[in-house]
file input21.cif (mmCIF, C-alpha atoms)
data_model
#
loop_
_atom_site.group_PDB
_atom_site.id
_atom_site.type_symbol
_atom_site.label_atom_id
_atom_site.label_comp_id
_atom_site.auth_asym_id
_atom_site.auth_seq_id
_atom_site.Cartn_x
_atom_site.Cartn_y
_atom_site.Cartn_z
ATOM 1 C CA MET A 1 86.313 91.309 128.083
ATOM 2 C CA ARG A 2 83.102 91.045 126.123
ATOM 3 C CA GLY A 3 83.801 93.973 123.781
ATOM 4 C CA TYR A 4 87.454 93.142 123.097
ATOM 5 C CA ASN A 5 88.380 92.050 119.581
ATOM 6 C CA ILE A 6 91.717 90.205 119.270
ATOM 7 C CA TRP A 7 91.912 90.699 115.491
ATOM 8 C CA ARG A 8 92.193 94.500 115.579
ATOM 9 C CA PRO A 9 95.641 94.693 117.205
ATOM 10 C CA ILE A 10 96.861 91.753 115.123
ATOM 11 C CA MET A 11 95.753 93.483 111.914
ATOM 12 C CA LEU A 12 97.335 96.738 113.042
ATOM 13 C CA ILE A 13 100.687 95.067 113.699
ATOM 14 C CA ALA A 14 100.529 93.063 110.469
ATOM 15 C CA VAL A 15 99.776 96.130 108.330
ATOM 16 C CA ALA A 16 102.584 98.104 109.986
ATOM 17 C CA LEU A 17 105.180 95.362 109.485
ATOM 18 C CA LEU A 18 104.141 94.619 105.909
ATOM 19 C CA THR A 19 104.265 98.314 105.062
ATOM 20 C CA ARG A 20 107.742 98.622 106.556
ATOM 21 C CA THR A 21 108.975 95.643 104.544
ATOM 22 C CA LEU A 22 107.432 96.891 101.312
ATOM 23 C CA VAL A 23 108.729 100.465 101.673
ATOM 24 C CA ASN A 24 112.194 99.236 102.638
ATOM 25 C CA SER A 25 112.353 96.921 99.605
ATOM 26 C CA VAL A 26 111.165 99.609 97.194
ATOM 27 C CA CYS A 27 113.632 102.164 98.557
ATOM 28 C CA LEU A 28 116.518 99.702 98.276
ATOM 29 C CA MET A 29 115.449 98.856 94.723
ATOM 30 C CA PHE A 30 115.663 102.535 93.789
ATOM 31 C CA GLY A 31 119.216 102.742 95.111
ATOM 32 C CA MET A 32 118.892 104.301 98.562
ATOM 33 C CA SER A 33 121.405 103.444 101.207
ATOM 34 C CA PRO A 34 120.185 100.844 103.713
ATOM 35 C CA GLU A 35 120.161 103.348 106.607
ATOM 36 C CA THR A 36 118.066 105.877 104.697
ATOM 37 C CA ALA A 37 115.750 103.172 103.398
ATOM 38 C CA GLY A 38 115.234 101.930 106.963
ATOM 39 C CA SER A 39 114.368 105.420 108.173
ATOM 40 C CA VAL A 40 111.882 105.985 105.365
ATOM 41 C CA ALA A 41 110.396 102.531 106.025
ATOM 42 C CA VAL A 42 109.859 103.311 109.715
ATOM 43 C CA LEU A 43 108.183 106.590 108.778
ATOM 44 C CA GLY A 44 105.912 104.735 106.341
ATOM 45 C CA MET A 45 105.149 102.144 109.007
ATOM 46 C CA VAL A 46 104.070 104.804 111.506
ATOM 47 C CA VAL A 47 101.878 106.554 108.935
ATOM 48 C CA ALA A 48 100.232 103.272 107.908
ATOM 49 C CA ALA A 49 99.595 102.329 111.545
ATOM 50 C CA LEU A 50 98.024 105.715 112.296
ATOM 51 C CA ILE A 51 95.774 105.546 109.241
ATOM 52 C CA MET A 52 94.732 101.990 110.088
ATOM 53 C CA TYR A 53 94.031 102.935 113.710
ATOM 54 C CA ASN A 54 91.928 105.941 112.683
ATOM 55 C CA ARG A 55 89.900 103.818 110.265
ATOM 56 C CA MET A 56 89.293 101.147 112.916
ATOM 57 C CA MET A 57 88.205 103.677 115.543
ATOM 58 C CA LYS A 58 85.897 105.658 113.248
ATOM 59 C CA GLY A 59 82.937 103.356 113.853
ATOM 60 C CA ARG A 60 83.476 103.184 117.634
ATOM 61 C CA ARG A 61 83.276 106.916 118.367
ATOM 62 C CA ARG A 62 80.346 108.217 120.372
ATOM 63 C CA ARG A 63 77.977 110.593 118.645
#
call {"tool": "encode", "arguments": {"input": "input21.cif", "output": "structure tokens"}}
result
Amino acid sequence: MRGYNIWRPIMLIAVALLTRTLVNSVCLMFGMSPETAGSVAVLGMVVAALIMYNRMMKGRRRR
């Protein structure tokens, strides 16, 4: 367990949930229905999590 970092998964989850909340709030502010806003928020959450994961793994790749 020497190379395991507990903060990486916590940051990944935090960024995904904060992105979902922010996108959902913005979509509701612009007048979307709650179901559509939730779907767009989940899509934004997945995209943010993938981008965050790729940025975290960039330095760990073998050359």
call {"tool": "resolve_selection", "arguments": {"input": "input21.cif", "expression": "the PyMOL selection byres ((chain A and resi 20) around 9)", "output": "PyMOL selection string"}}
result
chain A and resi 15-19+21-25+38+40-46+48
call {"tool": "atom_distance", "arguments": {"input": "input21.cif", "atom1": "CA of Ile51 (chain A)", "atom2": "CA of Val26 (chain A)"}}
result
20.4 Å
call {"tool": "atom_distance", "arguments": {"input": "input21.cif", "atom1": "CA of Leu12 (chain A)", "atom2": "CA of Ser33 (chain A)"}}
result
27.6 Å
call {"tool": "residues_around", "arguments": {"input": "input21.cif", "residues": "region 6-11 of chain A", "least_positions_apart": "5", "cutoff": "9 Å", "atoms": "all atoms listed in the file", "output": "VMD selection string"}}
result
chain A and resid 16 52 to 53 56
call {"tool": "axis_aligned_box", "arguments": {"input": "input21.cif", "around": "region 4-10 of chain A", "padding_each_side": "4 Å", "output": "JSON"}}
result
{"center_x": 92.2, "center_y": 92.4, "center_z": 119.1, "size_x": 17.4, "size_y": 12.5, "size_z": 16.0}
call {"tool": "build_atoms", "arguments": {"input": "input21.cif", "residues": "region 32-43 of chain A", "atoms": "all heavy atoms", "output": "PDB file, in the frame of the given file"}}
result
ATOM      1  N   MET A  32     118.611 103.598  97.307  1.00  0.00           N
ATOM      2  CA  MET A  32     118.892 104.301  98.562  1.00  0.00           C
ATOM      3  C   MET A  32     119.857 103.486  99.401  1.00  0.00           C
ATOM      4  O   MET A  32     119.953 102.270  99.257  1.00  0.00           O
ATOM      5  CB  MET A  32     117.610 104.504  99.370  1.00  0.00           C
ATOM      6  CG  MET A  32     116.761 105.632  98.958  1.00  0.00           C
ATOM      7  SD  MET A  32     115.448 105.835 100.179  1.00  0.00           S
ATOM      8  CE  MET A  32     114.689 107.300  99.597  1.00  0.00           C
ATOM      9  N   SER A  33     120.548 104.169 100.271  1.00  0.00           N
ATOM     10  CA  SER A  33     121.405 103.444 101.207  1.00  0.00           C
ATOM     11  C   SER A  33     120.522 102.709 102.215  1.00  0.00           C
ATOM     12  O   SER A  33     119.392 103.131 102.487  1.00  0.00           O
ATOM     13  CB  SER A  33     122.342 104.416 101.931  1.00  0.00           C
ATOM     14  OG  SER A  33     121.611 105.265 102.773  1.00  0.00           O
ATOM     15  N   PRO A  34     121.018 101.619 102.778  1.00  0.00           N
ATOM     16  CA  PRO A  34     120.185 100.844 103.713  1.00  0.00           C
ATOM     17  C   PRO A  34     119.726 101.643 104.941  1.00  0.00           C
ATOM     18  O   PRO A  34     118.613 101.440 105.430  1.00  0.00           O
ATOM     19  CB  PRO A  34     121.090  99.688 104.131  1.00  0.00           C
ATOM     20  CG  PRO A  34     122.041  99.539 103.006  1.00  0.00           C
ATOM     21  CD  PRO A  34     122.250 100.911 102.458  1.00  0.00           C
ATOM     22  N   GLU A  35     120.551 102.548 105.437  1.00  0.00           N
ATOM     23  CA  GLU A  35     120.161 103.348 106.607  1.00  0.00           C
ATOM     24  C   GLU A  35     119.018 104.297 106.265  1.00  0.00           C
ATOM     25  O   GLU A  35     118.051 104.426 107.027  1.00  0.00           O
ATOM     26  CB  GLU A  35     121.347 104.147 107.142  1.00  0.00           C
ATOM     27  CG  GLU A  35     122.474 103.292 107.690  1.00  0.00           C
ATOM     28  CD  GLU A  35     123.431 102.816 106.613  1.00  0.00           C
ATOM     29  OE1 GLU A  35     123.398 103.379 105.491  1.00  0.00           O
ATOM     30  OE2 GLU A  35     124.180 101.872 106.875  1.00  0.00           O
ATOM     31  N   THR A  36     119.121 104.955 105.123  1.00  0.00           N
ATOM     32  CA  THR A  36     118.066 105.877 104.697  1.00  0.00           C
ATOM     33  C   THR A  36     116.780 105.121 104.378  1.00  0.00           C
ATOM     34  O   THR A  36     115.682 105.568 104.742  1.00  0.00           O
ATOM     35  CB  THR A  36     118.517 106.677 103.464  1.00  0.00           C
ATOM     36  OG1 THR A  36     119.778 107.286 103.748  1.00  0.00           O
ATOM     37  CG2 THR A  36     117.516 107.743 103.103  1.00  0.00           C
ATOM     38  N   ALA A  37     116.924 103.974 103.725  1.00  0.00           N
ATOM     39  CA  ALA A  37     115.750 103.172 103.398  1.00  0.00           C
ATOM     40  C   ALA A  37     115.056 102.696 104.673  1.00  0.00           C
ATOM     41  O   ALA A  37     113.822 102.675 104.742  1.00  0.00           O
ATOM     42  CB  ALA A  37     116.147 101.975 102.535  1.00  0.00           C
ATOM     43  N   GLY A  38     115.825 102.349 105.692  1.00  0.00           N
ATOM     44  CA  GLY A  38     115.234 101.930 106.963  1.00  0.00           C
ATOM     45  C   GLY A  38     114.484 103.062 107.635  1.00  0.00           C
ATOM     46  O   GLY A  38     113.403 102.856 108.203  1.00  0.00           O
ATOM     47  N   SER A  39     115.038 104.269 107.572  1.00  0.00           N
ATOM     48  CA  SER A  39     114.368 105.420 108.173  1.00  0.00           C
ATOM     49  C   SER A  39     113.065 105.755 107.455  1.00  0.00           C
ATOM     50  O   SER A  39     112.041 106.031 108.101  1.00  0.00           O
ATOM     51  CB  SER A  39     115.292 106.635 108.136  1.00  0.00           C
ATOM     52  OG  SER A  39     116.443 106.403 108.899  1.00  0.00           O
ATOM     53  N   VAL A  40     113.093 105.720 106.141  1.00  0.00           N
ATOM     54  CA  VAL A  40     111.882 105.985 105.365  1.00  0.00           C
ATOM     55  C   VAL A  40     110.854 104.888 105.624  1.00  0.00           C
ATOM     56  O   VAL A  40     109.647 105.161 105.734  1.00  0.00           O
ATOM     57  CB  VAL A  40     112.216 106.100 103.861  1.00  0.00           C
ATOM     58  CG1 VAL A  40     110.957 106.184 103.020  1.00  0.00           C
ATOM     59  CG2 VAL A  40     113.105 107.304 103.614  1.00  0.00           C
ATOM     60  N   ALA A  41     111.310 103.649 105.767  1.00  0.00           N
ATOM     61  CA  ALA A  41     110.396 102.531 106.025  1.00  0.00           C
ATOM     62  C   ALA A  41     109.716 102.674 107.383  1.00  0.00           C
ATOM     63  O   ALA A  41     108.530 102.400 107.512  1.00  0.00           O
ATOM     64  CB  ALA A  41     111.154 101.209 105.945  1.00  0.00           C
ATOM     65  N   VAL A  42     110.456 103.114 108.390  1.00  0.00           N
ATOM     66  CA  VAL A  42     109.859 103.311 109.715  1.00  0.00           C
ATOM     67  C   VAL A  42     108.834 104.439 109.665  1.00  0.00           C
ATOM     68  O   VAL A  42     107.760 104.341 110.261  1.00  0.00           O
ATOM     69  CB  VAL A  42     110.950 103.580 110.772  1.00  0.00           C
ATOM     70  CG1 VAL A  42     110.343 104.048 112.075  1.00  0.00           C
ATOM     71  CG2 VAL A  42     111.769 102.326 111.000  1.00  0.00           C
ATOM     72  N   LEU A  43     109.133 105.496 108.938  1.00  0.00           N
ATOM     73  CA  LEU A  43     108.183 106.590 108.778  1.00  0.00           C
ATOM     74  C   LEU A  43     106.909 106.098 108.084  1.00  0.00           C
ATOM     75  O   LEU A  43     105.794 106.416 108.506  1.00  0.00           O
ATOM     76  CB  LEU A  43     108.811 107.735 107.991  1.00  0.00           C
ATOM     77  CG  LEU A  43     107.951 108.968 107.791  1.00  0.00           C
ATOM     78  CD1 LEU A  43     107.665 109.637 109.120  1.00  0.00           C
ATOM     79  CD2 LEU A  43     108.634 109.928 106.844  1.00  0.00           C
TER      80      LEU A  43
END
